[in-house]
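Here is structure_32.cif, consisting of mmCIF, N, CA and C atoms:
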```
data_my_file
loop_
_atom_site.label_atom_id
_atom_site.label_comp_id
_atom_site.auth_asym_id
_atom_site.auth_seq_id
_atom_site.Cartn_x
_atom_site.Cartn_y
_atom_site.Cartn_z
N MET X 11 43.20 97.33 132.67
CA MET X 11 43.86 98.16 133.64
C MET X 11 45.34 98.35 133.31
N LYS X 12 45.97 97.35 132.71
CA LYS X 12 47.39 97.44 132.39
C LYS X 12 47.67 98.51 131.34
N MET X 13 46.74 98.81 130.46
CA MET X 13 46.94 99.81 129.43
C MET X 13 46.94 101.23 129.99
N LYS X 14 46.28 101.46 131.10
CA LYS X 14 46.17 102.81 131.64
C LYS X 14 47.51 103.37 132.09
N LEU X 15 48.35 102.56 132.72
CA LEU X 15 49.63 103.03 133.21
C LEU X 15 50.52 103.55 132.07
N PRO X 16 50.70 102.81 130.97
CA PRO X 16 51.51 103.36 129.87
C PRO X 16 50.92 104.64 129.30
N LEU X 17 49.61 104.74 129.22
CA LEU X 17 48.99 105.95 128.70
C LEU X 17 49.23 107.13 129.62
N VAL X 18 49.14 106.91 130.92
CA VAL X 18 49.41 107.97 131.89
C VAL X 18 50.87 108.40 131.80
N ALA X 19 51.77 107.43 131.70
CA ALA X 19 53.20 107.74 131.57
C ALA X 19 53.47 108.55 130.31
N LEU X 20 52.87 108.15 129.20
CA LEU X 20 53.05 108.87 127.95
C LEU X 20 52.51 110.29 128.05
N ALA X 21 51.35 110.45 128.64
CA ALA X 21 50.76 111.78 128.82
C ALA X 21 51.65 112.67 129.68
N THR X 22 52.22 112.10 130.72
CA THR X 22 53.12 112.86 131.60
C THR X 22 54.36 113.31 130.84
N VAL X 23 54.96 112.42 130.07
CA VAL X 23 56.15 112.75 129.30
C VAL X 23 55.84 113.85 128.29
N LEU X 24 54.73 113.72 127.59
CA LEU X 24 54.35 114.74 126.61
C LEU X 24 54.10 116.08 127.27
N ALA X 25 53.45 116.08 128.42
CA ALA X 25 53.19 117.33 129.14
C ALA X 25 54.50 118.00 129.56
N LEU X 26 55.46 117.22 130.06
CA LEU X 26 56.75 117.78 130.46
C LEU X 26 57.51 118.32 129.25
N THR X 27 57.45 117.62 128.14
CA THR X 27 58.13 118.06 126.92
C THR X 27 57.54 119.37 126.43
N ILE X 28 56.23 119.45 126.38
CA ILE X 28 55.57 120.67 125.93
C ILE X 28 55.86 121.82 126.88
N ALA X 29 55.80 121.56 128.19
CA ALA X 29 56.05 122.61 129.18
C ALA X 29 57.47 123.15 129.04
N HIS X 30 58.45 122.27 128.84
CA HIS X 30 59.85 122.69 128.71
C HIS X 30 60.02 123.52 127.45
N ALA X 31 59.48 123.05 126.35
CA ALA X 31 59.63 123.75 125.07
C ALA X 31 58.90 125.09 125.07
N ALA X 32 57.79 125.19 125.78
CA ALA X 32 57.00 126.41 125.80
C ALA X 32 57.44 127.38 126.88
N ASP X 33 58.33 126.96 127.77
CA ASP X 33 58.79 127.80 128.87
C ASP X 33 59.55 129.00 128.31
N PRO X 34 59.11 130.22 128.59
CA PRO X 34 59.78 131.40 128.05
C PRO X 34 61.18 131.60 128.62
N ASN X 35 61.53 130.87 129.69
CA ASN X 35 62.87 131.00 130.26
C ASN X 35 63.90 130.19 129.49
N TRP X 36 63.47 129.32 128.59
CA TRP X 36 64.39 128.51 127.78
C TRP X 36 64.51 129.13 126.40
N HIS X 37 65.72 129.52 126.03
CA HIS X 37 66.00 130.08 124.71
C HIS X 37 66.33 128.95 123.74
N THR X 38 66.25 129.25 122.46
CA THR X 38 66.74 128.34 121.43
C THR X 38 67.85 129.01 120.61
N ASP X 39 68.10 130.28 120.87
CA ASP X 39 69.10 131.06 120.15
C ASP X 39 70.26 131.38 121.10
N LEU X 40 71.41 130.74 120.88
CA LEU X 40 72.55 130.93 121.77
C LEU X 40 73.05 132.36 121.74
N THR X 41 73.05 133.01 120.59
CA THR X 41 73.54 134.39 120.50
C THR X 41 72.73 135.31 121.41
N ALA X 42 71.41 135.20 121.35
CA ALA X 42 70.55 136.02 122.21
C ALA X 42 70.78 135.67 123.68
N ALA X 43 70.96 134.40 123.96
CA ALA X 43 71.19 133.96 125.34
C ALA X 43 72.51 134.52 125.86
N GLN X 44 73.55 134.49 125.04
CA GLN X 44 74.85 135.02 125.47
C GLN X 44 74.79 136.52 125.70
N THR X 45 74.04 137.22 124.87
CA THR X 45 73.87 138.66 125.06
C THR X 45 73.22 138.94 126.41
N GLN X 46 72.16 138.19 126.71
CA GLN X 46 71.48 138.34 128.00
C GLN X 46 72.41 137.97 129.15
N ALA X 47 73.16 136.88 129.01
CA ALA X 47 74.08 136.44 130.07
C ALA X 47 75.15 137.49 130.35
N ALA X 48 75.70 138.08 129.31
CA ALA X 48 76.73 139.11 129.48
C ALA X 48 76.15 140.32 130.20
N LYS X 49 74.96 140.71 129.82
CA LYS X 49 74.30 141.87 130.43
C LYS X 49 73.98 141.61 131.90
N GLU X 50 73.53 140.40 132.21
CA GLU X 50 73.09 140.07 133.57
C GLU X 50 74.16 139.37 134.40
N LYS X 51 75.36 139.14 133.81
CA LYS X 51 76.47 138.46 134.49
C LYS X 51 76.04 137.08 135.01
N LYS X 52 75.48 136.28 134.09
CA LYS X 52 75.01 134.93 134.41
C LYS X 52 75.75 133.91 133.55
N MET X 53 75.72 132.67 134.01
CA MET X 53 76.23 131.56 133.20
C MET X 53 75.16 131.17 132.18
N VAL X 54 75.59 130.51 131.11
CA VAL X 54 74.67 129.97 130.11
C VAL X 54 74.68 128.45 130.25
N LEU X 55 73.51 127.86 130.38
CA LEU X 55 73.37 126.41 130.46
C LEU X 55 72.75 125.94 129.16
N LEU X 56 73.50 125.14 128.39
CA LEU X 56 73.00 124.55 127.15
C LEU X 56 72.56 123.13 127.44
N ASP X 57 71.29 122.85 127.22
CA ASP X 57 70.73 121.51 127.43
C ASP X 57 70.59 120.82 126.09
N PHE X 58 71.55 119.95 125.77
CA PHE X 58 71.48 119.16 124.55
C PHE X 58 70.63 117.94 124.84
N SER X 59 69.51 117.82 124.14
CA SER X 59 68.58 116.72 124.43
C SER X 59 67.80 116.32 123.19
N SER X 60 67.08 115.22 123.34
CA SER X 60 66.11 114.80 122.34
C SER X 60 64.77 114.78 123.07
N SER X 61 64.03 115.86 122.92
CA SER X 61 62.86 116.10 123.77
C SER X 61 61.74 115.08 123.61
N ASP X 62 61.74 114.34 122.53
CA ASP X 62 60.62 113.41 122.34
C ASP X 62 61.04 111.94 122.33
N SER X 63 62.30 111.66 122.68
CA SER X 63 62.70 110.25 122.62
C SER X 63 63.73 109.83 123.66
N CYS X 64 64.22 110.73 124.45
CA CYS X 64 65.31 110.43 125.39
C CYS X 64 64.76 110.31 126.81
N ILE X 65 64.75 109.09 127.34
CA ILE X 65 64.22 108.85 128.69
C ILE X 65 65.02 109.62 129.74
N ALA X 66 66.34 109.63 129.62
CA ALA X 66 67.18 110.36 130.59
C ALA X 66 66.90 111.86 130.52
N CYS X 67 66.57 112.37 129.32
CA CYS X 67 66.23 113.79 129.17
C CYS X 67 64.91 114.10 129.88
N PHE X 68 63.92 113.21 129.72
CA PHE X 68 62.64 113.38 130.41
C PHE X 68 62.87 113.43 131.92
N LYS X 69 63.70 112.51 132.40
CA LYS X 69 63.98 112.41 133.83
C LYS X 69 64.68 113.67 134.35
N LEU X 70 65.64 114.18 133.59
CA LEU X 70 66.34 115.40 133.99
C LEU X 70 65.37 116.58 134.07
N ARG X 71 64.49 116.70 133.10
CA ARG X 71 63.50 117.79 133.13
C ARG X 71 62.57 117.65 134.34
N LYS X 72 62.11 116.42 134.58
CA LYS X 72 61.16 116.18 135.68
C LYS X 72 61.82 116.34 137.04
N ASP X 73 63.01 115.73 137.22
CA ASP X 73 63.63 115.68 138.54
C ASP X 73 64.46 116.90 138.89
N VAL X 74 64.92 117.65 137.88
CA VAL X 74 65.78 118.80 138.16
C VAL X 74 65.19 120.09 137.60
N PHE X 75 65.05 120.18 136.27
CA PHE X 75 64.69 121.44 135.64
C PHE X 75 63.31 121.98 136.03
N SER X 76 62.39 121.12 136.42
CA SER X 76 61.05 121.60 136.78
C SER X 76 60.87 121.82 138.29
N GLN X 77 61.92 121.61 139.06
CA GLN X 77 61.83 121.73 140.51
C GLN X 77 62.10 123.17 140.97
N ALA X 78 61.41 123.60 142.02
CA ALA X 78 61.50 124.97 142.52
C ALA X 78 62.93 125.37 142.85
N ALA X 79 63.70 124.49 143.46
CA ALA X 79 65.08 124.82 143.84
C ALA X 79 65.91 125.19 142.60
N PHE X 80 65.78 124.40 141.53
CA PHE X 80 66.51 124.71 140.30
C PHE X 80 65.98 125.98 139.66
N LEU X 81 64.67 126.12 139.58
CA LEU X 81 64.08 127.31 138.95
C LEU X 81 64.50 128.58 139.66
N ASN X 82 64.55 128.55 140.99
CA ASN X 82 65.00 129.72 141.76
C ASN X 82 66.47 130.01 141.49
N TYR X 83 67.28 128.96 141.46
CA TYR X 83 68.71 129.13 141.17
C TYR X 83 68.89 129.70 139.77
N ALA X 84 68.19 129.12 138.81
CA ALA X 84 68.32 129.55 137.42
C ALA X 84 67.93 131.01 137.25
N LYS X 85 66.92 131.44 137.96
CA LYS X 85 66.43 132.81 137.83
C LYS X 85 67.54 133.83 138.10
N THR X 86 68.41 133.53 139.06
CA THR X 86 69.44 134.49 139.42
C THR X 86 70.84 134.16 138.88
N ASN X 87 71.04 132.94 138.35
CA ASN X 87 72.38 132.53 137.97
C ASN X 87 72.56 132.05 136.53
N LEU X 88 71.47 131.74 135.84
CA LEU X 88 71.59 131.08 134.54
C LEU X 88 70.73 131.71 133.46
N VAL X 89 71.21 131.59 132.24
CA VAL X 89 70.39 131.79 131.06
C VAL X 89 70.32 130.40 130.42
N LEU X 90 69.12 129.92 130.21
CA LEU X 90 68.88 128.53 129.78
C LEU X 90 68.68 128.45 128.27
N VAL X 91 69.35 127.47 127.65
CA VAL X 91 69.23 127.27 126.19
C VAL X 91 68.94 125.80 125.93
N GLU X 92 67.86 125.55 125.20
CA GLU X 92 67.52 124.20 124.78
C GLU X 92 68.09 123.96 123.39
N VAL X 93 68.90 122.89 123.26
CA VAL X 93 69.45 122.49 121.97
C VAL X 93 68.86 121.10 121.71
N ASP X 94 67.77 121.09 120.97
CA ASP X 94 66.93 119.90 120.86
C ASP X 94 67.15 119.16 119.54
N PHE X 95 67.17 117.82 119.65
CA PHE X 95 67.30 116.94 118.49
C PHE X 95 66.18 115.91 118.53
N PRO X 96 64.93 116.35 118.33
CA PRO X 96 63.80 115.42 118.41
C PRO X 96 63.77 114.45 117.23
N LEU X 97 63.20 113.29 117.47
CA LEU X 97 63.05 112.31 116.39
C LEU X 97 61.75 112.51 115.63
N ARG X 98 60.69 112.85 116.34
CA ARG X 98 59.37 112.97 115.71
C ARG X 98 58.90 114.41 115.56
N LYS X 99 59.19 115.23 116.52
CA LYS X 99 58.76 116.63 116.49
C LYS X 99 59.54 117.39 115.41
N LYS X 100 58.86 118.26 114.71
CA LYS X 100 59.50 119.05 113.66
C LYS X 100 60.14 120.31 114.25
N VAL X 101 61.35 120.60 113.79
CA VAL X 101 61.98 121.88 114.07
C VAL X 101 62.32 122.50 112.72
N SER X 102 62.44 123.80 112.69
CA SER X 102 62.73 124.47 111.42
C SER X 102 64.11 124.04 110.92
N PRO X 103 64.30 124.07 109.62
CA PRO X 103 65.63 123.73 109.09
C PRO X 103 66.74 124.63 109.66
N GLU X 104 66.42 125.90 109.88
CA GLU X 104 67.40 126.83 110.45
C GLU X 104 67.78 126.42 111.87
N GLN X 105 66.75 126.04 112.67
CA GLN X 105 67.02 125.63 114.05
C GLN X 105 67.80 124.32 114.07
N ALA X 106 67.43 123.39 113.20
CA ALA X 106 68.15 122.11 113.12
C ALA X 106 69.62 122.34 112.76
N GLN X 107 69.86 123.24 111.83
CA GLN X 107 71.24 123.55 111.42
C GLN X 107 72.00 124.21 112.56
N ALA X 108 71.37 125.16 113.25
CA ALA X 108 72.02 125.83 114.38
C ALA X 108 72.34 124.83 115.49
N ASN X 109 71.40 123.93 115.78
CA ASN X 109 71.62 122.92 116.82
C ASN X 109 72.76 121.97 116.44
N ALA X 110 72.80 121.56 115.18
CA ALA X 110 73.87 120.67 114.72
C ALA X 110 75.24 121.36 114.84
N ALA X 111 75.29 122.64 114.52
CA ALA X 111 76.54 123.38 114.63
C ALA X 111 77.00 123.46 116.09
N LEU X 112 76.06 123.66 117.01
CA LEU X 112 76.41 123.70 118.43
C LEU X 112 76.90 122.34 118.92
N ALA X 113 76.24 121.27 118.48
CA ALA X 113 76.66 119.93 118.88
C ALA X 113 78.08 119.65 118.38
N GLU X 114 78.37 120.10 117.18
CA GLU X 114 79.72 119.90 116.63
C GLU X 114 80.74 120.75 117.40
N LYS X 115 80.40 122.00 117.64
CA LYS X 115 81.31 122.92 118.34
C LYS X 115 81.67 122.39 119.72
N TYR X 116 80.68 121.89 120.46
CA TYR X 116 80.90 121.43 121.83
C TYR X 116 81.10 119.91 121.92
N GLN X 117 81.23 119.25 120.77
CA GLN X 117 81.52 117.81 120.67
C GLN X 117 80.52 116.97 121.48
N VAL X 118 79.25 117.25 121.27
CA VAL X 118 78.18 116.53 121.96
C VAL X 118 77.73 115.36 121.09
N ASP X 119 77.74 114.16 121.67
CA ASP X 119 77.31 113.00 120.90
C ASP X 119 76.35 112.10 121.68
N SER X 120 75.87 112.58 122.83
CA SER X 120 74.87 111.82 123.59
C SER X 120 73.96 112.80 124.34
N TYR X 121 72.80 112.29 124.71
CA TYR X 121 71.81 113.12 125.40
C TYR X 121 71.41 112.46 126.71
N PRO X 122 71.14 113.23 127.70
CA PRO X 122 71.36 114.67 127.78
C PRO X 122 72.82 114.99 128.06
N THR X 123 73.27 116.07 127.49
CA THR X 123 74.58 116.64 127.81
C THR X 123 74.34 118.11 128.12
N ILE X 124 74.93 118.55 129.21
CA ILE X 124 74.81 119.94 129.63
C ILE X 124 76.16 120.60 129.45
N VAL X 125 76.19 121.68 128.69
CA VAL X 125 77.40 122.49 128.51
C VAL X 125 77.14 123.81 129.23
N VAL X 126 78.11 124.22 130.04
CA VAL X 126 77.97 125.45 130.81
C VAL X 126 79.03 126.44 130.35
N LEU X 127 78.58 127.65 130.03
CA LEU X 127 79.46 128.73 129.59
C LEU X 127 79.43 129.85 130.61
N ASP X 128 80.52 130.63 130.67
CA ASP X 128 80.48 131.80 131.54
C ASP X 128 79.76 132.93 130.80
N SER X 129 79.66 134.08 131.44
CA SER X 129 78.90 135.18 130.85
C SER X 129 79.56 135.74 129.59
N ASP X 130 80.84 135.41 129.38
CA ASP X 130 81.55 135.84 128.18
C ASP X 130 81.56 134.78 127.08
N GLY X 131 80.90 133.64 127.33
CA GLY X 131 80.80 132.59 126.32
C GLY X 131 81.90 131.55 126.38
N ARG X 132 82.78 131.62 127.37
CA ARG X 132 83.83 130.60 127.51
C ARG X 132 83.27 129.36 128.20
N LYS X 133 83.66 128.21 127.69
CA LYS X 133 83.16 126.95 128.26
C LYS X 133 83.77 126.71 129.63
N LEU X 134 82.87 126.53 130.62
CA LEU X 134 83.30 126.23 131.98
C LEU X 134 83.37 124.73 132.22
N GLY X 135 82.49 123.98 131.55
CA GLY X 135 82.50 122.54 131.74
C GLY X 135 81.34 121.86 131.05
N VAL X 136 81.38 120.53 131.11
CA VAL X 136 80.36 119.67 130.50
C VAL X 136 79.88 118.70 131.56
N LEU X 137 78.56 118.57 131.68
CA LEU X 137 77.96 117.62 132.62
C LEU X 137 77.24 116.57 131.81
N GLU X 138 77.76 115.36 131.79
CA GLU X 138 77.12 114.29 131.03
C GLU X 138 76.33 113.35 131.94
N ASP X 139 76.76 113.18 133.18
CA ASP X 139 76.05 112.34 134.14
C ASP X 139 75.47 113.24 135.22
N GLN X 140 74.23 113.65 135.03
CA GLN X 140 73.62 114.59 135.94
C GLN X 140 72.98 113.87 137.12
N PRO X 141 73.11 114.47 138.30
CA PRO X 141 72.43 113.89 139.46
C PRO X 141 70.92 114.06 139.32
N GLY X 142 70.17 113.24 140.01
CA GLY X 142 68.73 113.22 139.86
C GLY X 142 67.97 114.14 140.78
N GLU X 143 68.65 115.09 141.39
CA GLU X 143 67.92 116.03 142.23
C GLU X 143 68.56 117.41 142.12
N PRO X 144 67.77 118.46 142.30
CA PRO X 144 68.25 119.81 142.00
C PRO X 144 69.44 120.27 142.84
N GLN X 145 69.47 119.95 144.13
CA GLN X 145 70.54 120.46 144.99
C GLN X 145 71.92 119.96 144.53
N ALA X 146 72.01 118.69 144.17
CA ALA X 146 73.28 118.15 143.69
C ALA X 146 73.66 118.76 142.34
N PHE X 147 72.68 118.97 141.49
CA PHE X 147 72.92 119.59 140.19
C PHE X 147 73.43 121.01 140.39
N ILE X 148 72.79 121.76 141.27
CA ILE X 148 73.21 123.13 141.57
C ILE X 148 74.63 123.14 142.13
N ALA X 149 74.96 122.18 142.98
CA ALA X 149 76.32 122.10 143.53
C ALA X 149 77.35 121.92 142.42
N LEU X 150 77.04 121.10 141.41
CA LEU X 150 77.94 120.94 140.27
C LEU X 150 78.11 122.26 139.51
N LEU X 151 77.02 122.97 139.33
CA LEU X 151 77.08 124.27 138.63
C LEU X 151 77.92 125.27 139.42
N GLU X 152 77.77 125.26 140.73
CA GLU X 152 78.54 126.16 141.58
C GLU X 152 80.04 125.85 141.49
N LYS X 153 80.40 124.58 141.40
CA LYS X 153 81.81 124.21 141.24
C LYS X 153 82.38 124.77 139.94
N LEU X 154 81.58 124.69 138.87
CA LEU X 154 82.02 125.21 137.59
C LEU X 154 82.18 126.74 137.62
N LYS X 155 81.36 127.37 138.40
CA LYS X 155 81.34 128.83 138.49
C LYS X 155 82.64 129.38 139.08
N LYS X 156 83.27 128.61 139.96
CA LYS X 156 84.45 129.11 140.70
C LYS X 156 85.72 129.02 139.95
#
```
Would you write out, as structure tokens, the structure that this file holds?
Amino acid sequence: MKMKLPLVALATVLALTIAHAADPNWHTDLTAAQTQAAKEKKMVLLDFSSSDSCIACFKLRKDVFSQAAFLNYAKTNLVLVEVDFPLRKKVSPEQAQANAALAEKYQVDSYPTIVVLDSDGRKLGVLEDQPGEPQAFIALLEKLKK
């Protein structure tokens, strides 16, 4: 019976990782995301994470990014960009290089780190300690917006 709980936990984490990566609302190309943000007058949220090894990243996806309140807010206010540094999952060399360049540009050295840009690409702020529920996270984003 003790083995079932870790297997269920692992399955849940993998499902969340796959769902986040496959979500069409999450971009991997910042240039395309910025073009969309400028057109739609939205902020850009860059999620620097390690999708297959970061417990805090899993928690952020589960507790905030997958919740209806955040998804509704994001739909009207954000263009979402995943900047992933997985340990086991393969990413293309081009994507790995682009992600490394973004991490260097925004001086990201831990995961998860959220960088928020305005619709013109100017950095509004960095969120390194994210709250564990969508309403508080949205409140932080709203502060950056002003």
Closest-contact table, range 47-131 of chain X side, partner range 35-43 of chain X, 5 Å, counting only N, CA and C atoms, as a Markdown table:
```
| residue | atom | partner | partner_atom | distance |
| --- | --- | --- | --- | --- |
| X:Ala47 | N | X:Ala43 | C | 4.0 |
| X:Leu90 | C | X:His37 | N | 3.9 |
| X:Val91 | CA | X:His37 | C | 4.2 |
| X:Glu92 | N | X:His37 | C | 4.0 |
```
Apply the PyMOL selection byres ((chain X and resi 93) around 6) to the displayed file and report the matching residues as a ChimeraX atom specification.
/X:56-59,91-92,94-95,109
Record the distance separating CA of Lys155 in chain X and CA of Ser129 in chain X, expressed in Å with one decimal.
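Interatomic distance here is 10.2 Å.
Proximity of X:Ser120, X:Lys156, X:Arg98, X:Pro144 to Asp62 in chain X, computed with all atoms listed in the file, is greatest for X:Arg98.
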Please extract the residues of range 20-111 of chain X with a backbone DSSP assignment of strand (DSSP E or B) and present them as a VMD selection string.
chain X and resid 36 to 37 53 to 59 88 to 94
Could you write out the selected residues, including N, CA and C atoms, as a PDB file, in the frame of the given file?
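Printed below is result.pdb as written:
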```pdb
ATOM      1  N   TRP X  36      63.470 129.320 128.590  1.00  0.00           N
ATOM      2  CA  TRP X  36      64.390 128.510 127.780  1.00  0.00           C
ATOM      3  C   TRP X  36      64.510 129.130 126.400  1.00  0.00           C
ATOM      4  N   HIS X  37      65.720 129.520 126.030  1.00  0.00           N
ATOM      5  CA  HIS X  37      66.000 130.080 124.710  1.00  0.00           C
ATOM      6  C   HIS X  37      66.330 128.950 123.740  1.00  0.00           C
ATOM      7  N   MET X  53      75.720 132.670 134.010  1.00  0.00           N
ATOM      8  CA  MET X  53      76.230 131.560 133.200  1.00  0.00           C
ATOM      9  C   MET X  53      75.160 131.170 132.180  1.00  0.00           C
ATOM     10  N   VAL X  54      75.590 130.510 131.110  1.00  0.00           N
ATOM     11  CA  VAL X  54      74.670 129.970 130.110  1.00  0.00           C
ATOM     12  C   VAL X  54      74.680 128.450 130.250  1.00  0.00           C
ATOM     13  N   LEU X  55      73.510 127.860 130.380  1.00  0.00           N
ATOM     14  CA  LEU X  55      73.370 126.410 130.460  1.00  0.00           C
ATOM     15  C   LEU X  55      72.750 125.940 129.160  1.00  0.00           C
ATOM     16  N   LEU X  56      73.500 125.140 128.390  1.00  0.00           N
ATOM     17  CA  LEU X  56      73.000 124.550 127.150  1.00  0.00           C
ATOM     18  C   LEU X  56      72.560 123.130 127.440  1.00  0.00           C
ATOM     19  N   ASP X  57      71.290 122.850 127.220  1.00  0.00           N
ATOM     20  CA  ASP X  57      70.730 121.510 127.430  1.00  0.00           C
ATOM     21  C   ASP X  57      70.590 120.820 126.090  1.00  0.00           C
ATOM     22  N   PHE X  58      71.550 119.950 125.770  1.00  0.00           N
ATOM     23  CA  PHE X  58      71.480 119.160 124.550  1.00  0.00           C
ATOM     24  C   PHE X  58      70.630 117.940 124.840  1.00  0.00           C
ATOM     25  N   SER X  59      69.510 117.820 124.140  1.00  0.00           N
ATOM     26  CA  SER X  59      68.580 116.720 124.430  1.00  0.00           C
ATOM     27  C   SER X  59      67.800 116.320 123.190  1.00  0.00           C
ATOM     28  N   LEU X  88      71.470 131.740 135.840  1.00  0.00           N
ATOM     29  CA  LEU X  88      71.590 131.080 134.540  1.00  0.00           C
ATOM     30  C   LEU X  88      70.730 131.710 133.460  1.00  0.00           C
ATOM     31  N   VAL X  89      71.210 131.590 132.240  1.00  0.00           N
ATOM     32  CA  VAL X  89      70.390 131.790 131.060  1.00  0.00           C
ATOM     33  C   VAL X  89      70.320 130.400 130.420  1.00  0.00           C
ATOM     34  N   LEU X  90      69.120 129.920 130.210  1.00  0.00           N
ATOM     35  CA  LEU X  90      68.880 128.530 129.780  1.00  0.00           C
ATOM     36  C   LEU X  90      68.680 128.450 128.270  1.00  0.00           C
ATOM     37  N   VAL X  91      69.350 127.470 127.650  1.00  0.00           N
ATOM     38  CA  VAL X  91      69.230 127.270 126.190  1.00  0.00           C
ATOM     39  C   VAL X  91      68.940 125.800 125.930  1.00  0.00           C
ATOM     40  N   GLU X  92      67.860 125.550 125.200  1.00  0.00           N
ATOM     41  CA  GLU X  92      67.520 124.200 124.780  1.00  0.00           C
ATOM     42  C   GLU X  92      68.090 123.960 123.390  1.00  0.00           C
ATOM     43  N   VAL X  93      68.900 122.890 123.260  1.00  0.00           N
ATOM     44  CA  VAL X  93      69.450 122.490 121.970  1.00  0.00           C
ATOM     45  C   VAL X  93      68.860 121.100 121.710  1.00  0.00           C
ATOM     46  N   ASP X  94      67.770 121.090 120.970  1.00  0.00           N
ATOM     47  CA  ASP X  94      66.930 119.900 120.860  1.00  0.00           C
ATOM     48  C   ASP X  94      67.150 119.160 119.540  1.00  0.00           C
TER      49      ASP X  94
END
```
Restricting the calculation to only C-alpha atoms, which member of X:Ser76, X:Lys51, X:Cys67, X:Ser61 is positioned closest to Asp139 in chain X?
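Smallest distance to Asp139 in chain X is found for X:Cys67.
Nearest-residue note for Lys153 in chain X: choosing from X:Lys115, X:Leu134, X:Gln140, X:Ala106, the minimum distance belongs to X:Leu134, counting only C-alpha atoms.
Between Ile148 in chain X and the residues X:Lys72, X:Asn87, X:Ser63, X:Ala48, the shortest atom-to-atom distance, using only C-alpha atoms, involves X:Asn87.
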Return the padded bounding box of range 97-116 of chain X as lines of an AutoDock Vina configuration file: axis-aligned, built from all atoms listed in the file, 6 Å added on each side, with centre and edge lengths in Å to one decimal.
```
center_x = 70.2
center_y = 119.6
center_z = 115.5
size_x = 34.9
size_y = 26.5
size_z = 24.8
```
Could I get range 98-103 of chain X rebuilt with all heavy atoms, written as a PDB file, in the frame of the given file?
```
ATOM      1  N   ARG X  98      60.690 112.850 116.340  1.00  0.00           N
ATOM      2  CA  ARG X  98      59.370 112.970 115.710  1.00  0.00           C
ATOM      3  C   ARG X  98      58.900 114.410 115.560  1.00  0.00           C
ATOM      4  O   ARG X  98      58.262 114.757 114.584  1.00  0.00           O
ATOM      5  CB  ARG X  98      58.344 112.168 116.509  1.00  0.00           C
ATOM      6  CG  ARG X  98      58.590 110.662 116.445  1.00  0.00           C
ATOM      7  CD  ARG X  98      57.639 109.868 117.320  1.00  0.00           C
ATOM      8  NE  ARG X  98      57.854 110.065 118.737  1.00  0.00           N
ATOM      9  CZ  ARG X  98      58.794 109.472 119.464  1.00  0.00           C
ATOM     10  NH1 ARG X  98      59.649 108.646 118.895  1.00  0.00           N
ATOM     11  NH2 ARG X  98      58.906 109.693 120.748  1.00  0.00           N
ATOM     12  N   LYS X  99      59.190 115.230 116.520  1.00  0.00           N
ATOM     13  CA  LYS X  99      58.760 116.630 116.490  1.00  0.00           C
ATOM     14  C   LYS X  99      59.540 117.390 115.410  1.00  0.00           C
ATOM     15  O   LYS X  99      60.734 117.179 115.226  1.00  0.00           O
ATOM     16  CB  LYS X  99      59.011 117.245 117.876  1.00  0.00           C
ATOM     17  CG  LYS X  99      58.557 118.680 118.022  1.00  0.00           C
ATOM     18  CD  LYS X  99      58.745 119.159 119.440  1.00  0.00           C
ATOM     19  CE  LYS X  99      60.178 119.592 119.660  1.00  0.00           C
ATOM     20  NZ  LYS X  99      60.403 120.245 120.947  1.00  0.00           N
ATOM     21  N   LYS X 100      58.860 118.260 114.710  1.00  0.00           N
ATOM     22  CA  LYS X 100      59.500 119.050 113.660  1.00  0.00           C
ATOM     23  C   LYS X 100      60.140 120.310 114.250  1.00  0.00           C
ATOM     24  O   LYS X 100      59.550 120.973 115.088  1.00  0.00           O
ATOM     25  CB  LYS X 100      58.475 119.475 112.603  1.00  0.00           C
ATOM     26  CG  LYS X 100      57.831 118.327 111.870  1.00  0.00           C
ATOM     27  CD  LYS X 100      58.759 117.752 110.853  1.00  0.00           C
ATOM     28  CE  LYS X 100      58.039 116.702 110.035  1.00  0.00           C
ATOM     29  NZ  LYS X 100      58.923 115.850 109.330  1.00  0.00           N
ATOM     30  N   VAL X 101      61.350 120.600 113.790  1.00  0.00           N
ATOM     31  CA  VAL X 101      61.980 121.880 114.070  1.00  0.00           C
ATOM     32  C   VAL X 101      62.320 122.500 112.720  1.00  0.00           C
ATOM     33  O   VAL X 101      62.470 121.778 111.723  1.00  0.00           O
ATOM     34  CB  VAL X 101      63.253 121.747 114.950  1.00  0.00           C
ATOM     35  CG1 VAL X 101      62.923 121.228 116.323  1.00  0.00           C
ATOM     36  CG2 VAL X 101      64.299 120.894 114.296  1.00  0.00           C
ATOM     37  N   SER X 102      62.440 123.800 112.690  1.00  0.00           N
ATOM     38  CA  SER X 102      62.730 124.470 111.420  1.00  0.00           C
ATOM     39  C   SER X 102      64.110 124.040 110.920  1.00  0.00           C
ATOM     40  O   SER X 102      64.990 123.689 111.715  1.00  0.00           O
ATOM     41  CB  SER X 102      62.688 125.983 111.602  1.00  0.00           C
ATOM     42  OG  SER X 102      63.815 126.407 112.353  1.00  0.00           O
ATOM     43  N   PRO X 103      64.300 124.070 109.620  1.00  0.00           N
ATOM     44  CA  PRO X 103      65.630 123.730 109.090  1.00  0.00           C
ATOM     45  C   PRO X 103      66.740 124.630 109.660  1.00  0.00           C
ATOM     46  O   PRO X 103      67.838 124.161 109.924  1.00  0.00           O
ATOM     47  CB  PRO X 103      65.482 123.940 107.577  1.00  0.00           C
ATOM     48  CG  PRO X 103      64.014 123.806 107.311  1.00  0.00           C
ATOM     49  CD  PRO X 103      63.331 124.322 108.550  1.00  0.00           C
TER      50      PRO X 103
END
```
